$ cat protein.cif   # mmCIF, C-alpha atoms
data_model
#
loop_
_atom_site.group_PDB
_atom_site.id
_atom_site.type_symbol
_atom_site.label_atom_id
_atom_site.label_comp_id
_atom_site.auth_asym_id
_atom_site.auth_seq_id
_atom_site.Cartn_x
_atom_site.Cartn_y
_atom_site.Cartn_z
ATOM 1 C CA MET A 1 4.300 -61.919 -53.260
ATOM 2 C CA LYS A 2 3.428 -58.336 -54.135
ATOM 3 C CA TYR A 3 4.057 -58.544 -57.844
ATOM 4 C CA ARG A 4 4.133 -61.046 -60.669
ATOM 5 C CA VAL A 5 7.249 -61.856 -62.653
ATOM 6 C CA LEU A 6 7.646 -60.909 -66.300
ATOM 7 C CA ASN A 7 9.230 -63.757 -68.234
ATOM 8 C CA LYS A 8 7.839 -63.704 -71.773
ATOM 9 C CA ASN A 9 9.930 -62.104 -74.483
ATOM 10 C CA ARG A 10 6.891 -60.443 -76.080
ATOM 11 C CA ASP A 11 6.129 -58.651 -72.788
ATOM 12 C CA PHE A 12 9.693 -57.336 -72.557
ATOM 13 C CA THR A 13 9.681 -56.100 -76.162
ATOM 14 C CA ARG A 14 6.289 -54.398 -75.646
ATOM 15 C CA ILE A 15 7.549 -52.547 -72.583
ATOM 16 C CA TYR A 16 10.818 -51.579 -74.269
ATOM 17 C CA SER A 17 8.979 -50.163 -77.274
ATOM 18 C CA ARG A 18 5.901 -48.572 -75.656
ATOM 19 C CA GLY A 19 7.082 -47.882 -72.132
ATOM 20 C CA LYS A 20 8.817 -44.850 -70.718
ATOM 21 C CA SER A 21 12.459 -45.188 -69.657
ATOM 22 C CA TYR A 22 14.247 -43.498 -66.783
ATOM 23 C CA VAL A 23 18.036 -43.662 -66.894
ATOM 24 C CA HIS A 24 20.625 -43.534 -64.127
ATOM 25 C CA PRO A 25 24.300 -44.579 -64.315
ATOM 26 C CA HIS A 26 23.527 -47.511 -62.002
ATOM 27 C CA MET A 27 20.402 -48.899 -63.714
ATOM 28 C CA VAL A 28 17.578 -48.196 -66.156
ATOM 29 C CA LEU A 29 13.876 -48.331 -65.277
ATOM 30 C CA TYR A 30 11.208 -49.009 -67.917
ATOM 31 C CA VAL A 31 7.556 -48.453 -66.963
ATOM 32 C CA ALA A 32 4.399 -49.154 -68.959
ATOM 33 C CA LYS A 33 0.771 -49.379 -67.898
ATOM 34 C CA ASN A 34 -1.011 -52.694 -68.293
ATOM 35 C CA ARG A 35 -4.685 -53.599 -68.203
ATOM 36 C CA LEU A 36 -4.305 -56.388 -65.668
ATOM 37 C CA GLY A 37 -4.584 -54.333 -62.496
ATOM 38 C CA THR A 38 -1.520 -56.072 -61.032
ATOM 39 C CA THR A 39 2.117 -55.087 -61.093
ATOM 40 C CA ARG A 40 4.526 -57.223 -63.099
ATOM 41 C CA VAL A 41 8.287 -56.894 -62.741
ATOM 42 C CA GLY A 42 11.207 -58.081 -64.864
ATOM 43 C CA LEU A 43 14.922 -57.911 -64.079
ATOM 44 C CA THR A 44 17.610 -58.076 -66.734
ATOM 45 C CA ALA A 45 21.376 -58.135 -66.671
ATOM 46 C CA THR A 46 23.104 -58.557 -70.020
ATOM 47 C CA LYS A 47 26.571 -59.959 -70.648
ATOM 48 C CA LYS A 48 27.880 -56.388 -70.717
ATOM 49 C CA VAL A 49 27.426 -56.410 -66.926
ATOM 50 C CA GLY A 50 29.933 -59.227 -66.515
ATOM 51 C CA LYS A 51 30.106 -62.954 -66.074
ATOM 52 C CA ALA A 52 27.406 -65.032 -64.395
ATOM 53 C CA VAL A 53 28.443 -64.156 -60.845
ATOM 54 C CA GLN A 54 28.237 -60.399 -61.500
ATOM 55 C CA ARG A 55 24.934 -60.729 -63.378
ATOM 56 C CA ASN A 56 23.395 -62.751 -60.552
ATOM 57 C CA ARG A 57 24.595 -60.237 -57.958
ATOM 58 C CA ALA A 58 23.168 -57.361 -60.001
ATOM 59 C CA ARG A 59 19.770 -59.078 -60.171
ATOM 60 C CA ARG A 60 19.914 -59.915 -56.463
ATOM 61 C CA VAL A 61 20.573 -56.338 -55.318
ATOM 62 C CA MET A 62 17.902 -55.004 -57.695
ATOM 63 C CA ARG A 63 15.409 -57.555 -56.311
ATOM 64 C CA ALA A 64 16.234 -56.412 -52.762
ATOM 65 C CA ALA A 65 15.588 -52.784 -53.760
ATOM 66 C CA LEU A 66 12.257 -53.844 -55.267
ATOM 67 C CA GLN A 67 11.212 -55.565 -52.044
ATOM 68 C CA GLU A 68 12.128 -52.484 -50.053
ATOM 69 C CA HIS A 69 10.542 -49.776 -52.193
ATOM 70 C CA LEU A 70 7.784 -51.204 -54.375
ATOM 71 C CA SER A 71 4.487 -50.859 -52.565
ATOM 72 C CA GLN A 72 1.613 -53.257 -53.001
ATOM 73 C CA ASN A 73 -0.861 -50.676 -54.309
ATOM 74 C CA VAL A 74 1.116 -49.478 -57.336
ATOM 75 C CA GLY A 75 -1.658 -50.643 -59.673
ATOM 76 C CA GLY A 76 -1.447 -51.984 -63.194
ATOM 77 C CA TYR A 77 2.124 -51.342 -64.258
ATOM 78 C CA ASP A 78 4.797 -53.383 -65.972
ATOM 79 C CA ILE A 79 8.243 -52.536 -64.647
ATOM 80 C CA ILE A 80 11.621 -53.633 -66.009
ATOM 81 C CA LEU A 81 14.918 -52.943 -64.245
ATOM 82 C CA VAL A 82 18.023 -53.222 -66.410
ATOM 83 C CA ALA A 83 21.396 -53.562 -64.718
ATOM 84 C CA ARG A 84 24.322 -51.535 -65.978
ATOM 85 C CA ALA A 85 28.047 -52.232 -65.758
ATOM 86 C CA ARG A 86 28.427 -50.657 -62.293
ATOM 87 C CA THR A 87 25.433 -52.373 -60.678
ATOM 88 C CA PRO A 88 27.096 -55.566 -59.352
ATOM 89 C CA TYR A 89 29.847 -53.541 -57.684
ATOM 90 C CA LEU A 90 27.489 -51.282 -55.710
ATOM 91 C CA LYS A 91 26.286 -51.751 -52.165
ATOM 92 C CA SER A 92 22.627 -52.648 -51.822
ATOM 93 C CA THR A 93 21.936 -49.315 -50.113
ATOM 94 C CA GLN A 94 23.228 -47.429 -53.162
ATOM 95 C CA VAL A 95 21.030 -49.493 -55.486
ATOM 96 C CA SER A 96 18.087 -48.888 -53.154
ATOM 97 C CA ARG A 97 18.626 -45.111 -53.253
ATOM 98 C CA THR A 98 18.935 -45.194 -57.034
ATOM 99 C CA PHE A 99 15.716 -47.197 -57.385
ATOM 100 C CA SER A 100 13.931 -44.744 -55.105
ATOM 101 C CA ARG A 101 15.049 -41.814 -57.283
ATOM 102 C CA LEU A 102 13.919 -43.618 -60.427
ATOM 103 C CA LEU A 103 10.509 -44.311 -58.868
ATOM 104 C CA GLN A 104 10.190 -40.609 -58.056
ATOM 105 C CA LYS A 105 11.066 -39.686 -61.653
ATOM 106 C CA ALA A 106 8.463 -42.146 -62.927
ATOM 107 C CA GLY A 107 5.808 -40.791 -60.568
ATOM 108 C CA LEU A 108 5.230 -44.158 -58.875
ATOM 109 C CA PRO A 109 4.638 -44.402 -55.115
ATOM 110 C CA ASP A 110 7.610 -45.317 -52.943
ATOM 111 C CA LYS A 111 6.870 -47.509 -49.931
ATOM 112 C CA ALA A 112 10.050 -46.604 -48.025
ATOM 113 C CA PRO A 113 11.231 -43.047 -48.709
ATOM 114 C CA VAL A 114 14.968 -42.633 -48.377
ATOM 115 C CA ALA A 115 15.991 -40.816 -45.200
ATOM 116 C CA GLN A 116 18.320 -37.881 -45.522
ATOM 117 C CA ALA A 117 21.793 -39.077 -44.545
ATOM 118 C CA THR A 118 23.400 -35.640 -44.641
ATOM 119 C CA GLN A 119 23.878 -35.325 -40.891
ATOM 120 C CA GLN A 120 27.267 -36.507 -39.734
ATOM 121 C CA PRO A 121 27.505 -38.184 -36.324
ATOM 122 C CA LYS A 122 29.198 -36.045 -33.715
ATOM 123 C CA GLU A 123 32.589 -37.207 -32.554
ATOM 124 C CA ALA A 124 33.035 -37.976 -28.900
ATOM 125 C CA PRO A 125 35.641 -35.841 -27.091
ATOM 126 C CA LYS A 126 39.001 -37.561 -26.900
ATOM 127 C CA PRO A 127 40.099 -38.481 -23.370
ATOM 128 C CA ALA A 128 43.371 -36.994 -22.248
ATOM 129 C CA ALA A 129 46.328 -39.346 -21.955
ATOM 130 C CA SER A 130 46.806 -40.430 -18.336
ATOM 131 C CA GLY A 131 50.573 -39.867 -18.198
ATOM 132 C CA GLU A 132 50.559 -36.265 -19.470
ATOM 133 C CA GLU A 133 48.177 -34.680 -16.956
ATOM 134 C CA GLY A 134 50.642 -34.556 -14.008
ATOM 135 C CA LYS A 135 53.575 -33.187 -16.044
ATOM 136 C CA ALA A 136 52.968 -29.470 -16.108
#

$ encode --input "protein.cif" --output "structure tokens"
Amino acid sequence: MKYRVLNKNRDFTRIYSRGKSYVHPHMVLYVAKNRLGTTRVGLTATKKVGKAVQRNRARRVMRAALQEHLSQNVGGYDIILVARARTPYLKSTQVSRTFSRLLQKAGLPDKAPVAQATQQPKEAPKPAASGEEGKA
């Protein structure tokens, strides 16, 4: 595993109070330096997000974004991702893009930069109907 899990309440309260927050409508990222030299990560989804199924889905898609973007050499940081009301209803690619933007705002390295998806695929020419070619 690349990072350790935050699970003590005192660690969460320290990061909330001393850390820097980066807000997006899909999620909130809290970052604070630690003296351990390893990265620790915590995921939270409150009851505002929804019932247990929605909260679990929100944590699952945020965990997938972490695996995709958080590099091993981040250093000594404590990171908390907080789900918002929209998070469980988003596709994992949207959450991944959001997490990448939040990492950029925080100045942390991104292992997998998001590719520009602005190019639309070209449509293939439509074949002419077979019965209409001979009727001219």

$ resolve_selection --input "protein.cif" --expression "the PyMOL selection byres ((chain A and resi 16-27) around 6)" --output "list of chain:residue names"
A:Thr13, A:Arg14, A:Ile15, A:Val28, A:Leu29, A:Tyr30, A:Val31, A:Ala32, A:Val82, A:Ala83, A:Arg84, A:Arg86, A:Thr87

$ atom_distance --input "protein.cif" --atom1 "CA of His69 in chain A" --atom2 "CA of Leu90 in chain A"
17.4 Å

$ resolve_selection --input "protein.cif" --expression "the PyMOL selection byres ((chain A and resi 45) around 9)" --output "number ranges by chain"
A: 43-44, 46-50, 54-56, 58-59, 81-85

$ residues_around --input "protein.cif" --residues "Arg35 in chain A" --least-positions-apart "3" --cutoff "12 Å" --atoms "all atoms listed in the file" --output "count of residues only"
8

$ closest_residue --input "protein.cif" --among "A:Phe99, A:Lys105, A:Val5, A:Asp110" --to "Val41 in chain A" --atoms "all atoms listed in the file"
A:Val5

$ atom_distance --input "protein.cif" --atom1 "CA of Pro88 in chain A" --atom2 "CA of Lys33 in chain A"
28.4 Å

$ atom_distance --input "protein.cif" --atom1 "CA of Arg4 in chain A" --atom2 "CA of Met62 in chain A"
15.3 Å

$ resolve_selection --input "protein.cif" --expression "the PyMOL selection byres ((chain A and resi 100) around 8)" --output "number ranges by chain"
A: 69, 96-99, 101-104, 110, 113-114

$ closest_residue --input "protein.cif" --among "A:Gly42, A:Asp11, A:Lys91, A:Asn34" --to "Arg63 in chain A" --atoms "only C-alpha atoms"
A:Gly42

$ closest_residue --input "protein.cif" --among "A:Asn9, A:Ala106, A:Thr93, A:Lys111" --to "Gln67 in chain A" --atoms "only C-alpha atoms"
A:Lys111

$ closest_residue --input "protein.cif" --among "A:Tyr3, A:Tyr89, A:Gln94, A:Val61" --to "Leu36 in chain A" --atoms "all atoms listed in the file"
A:Tyr3
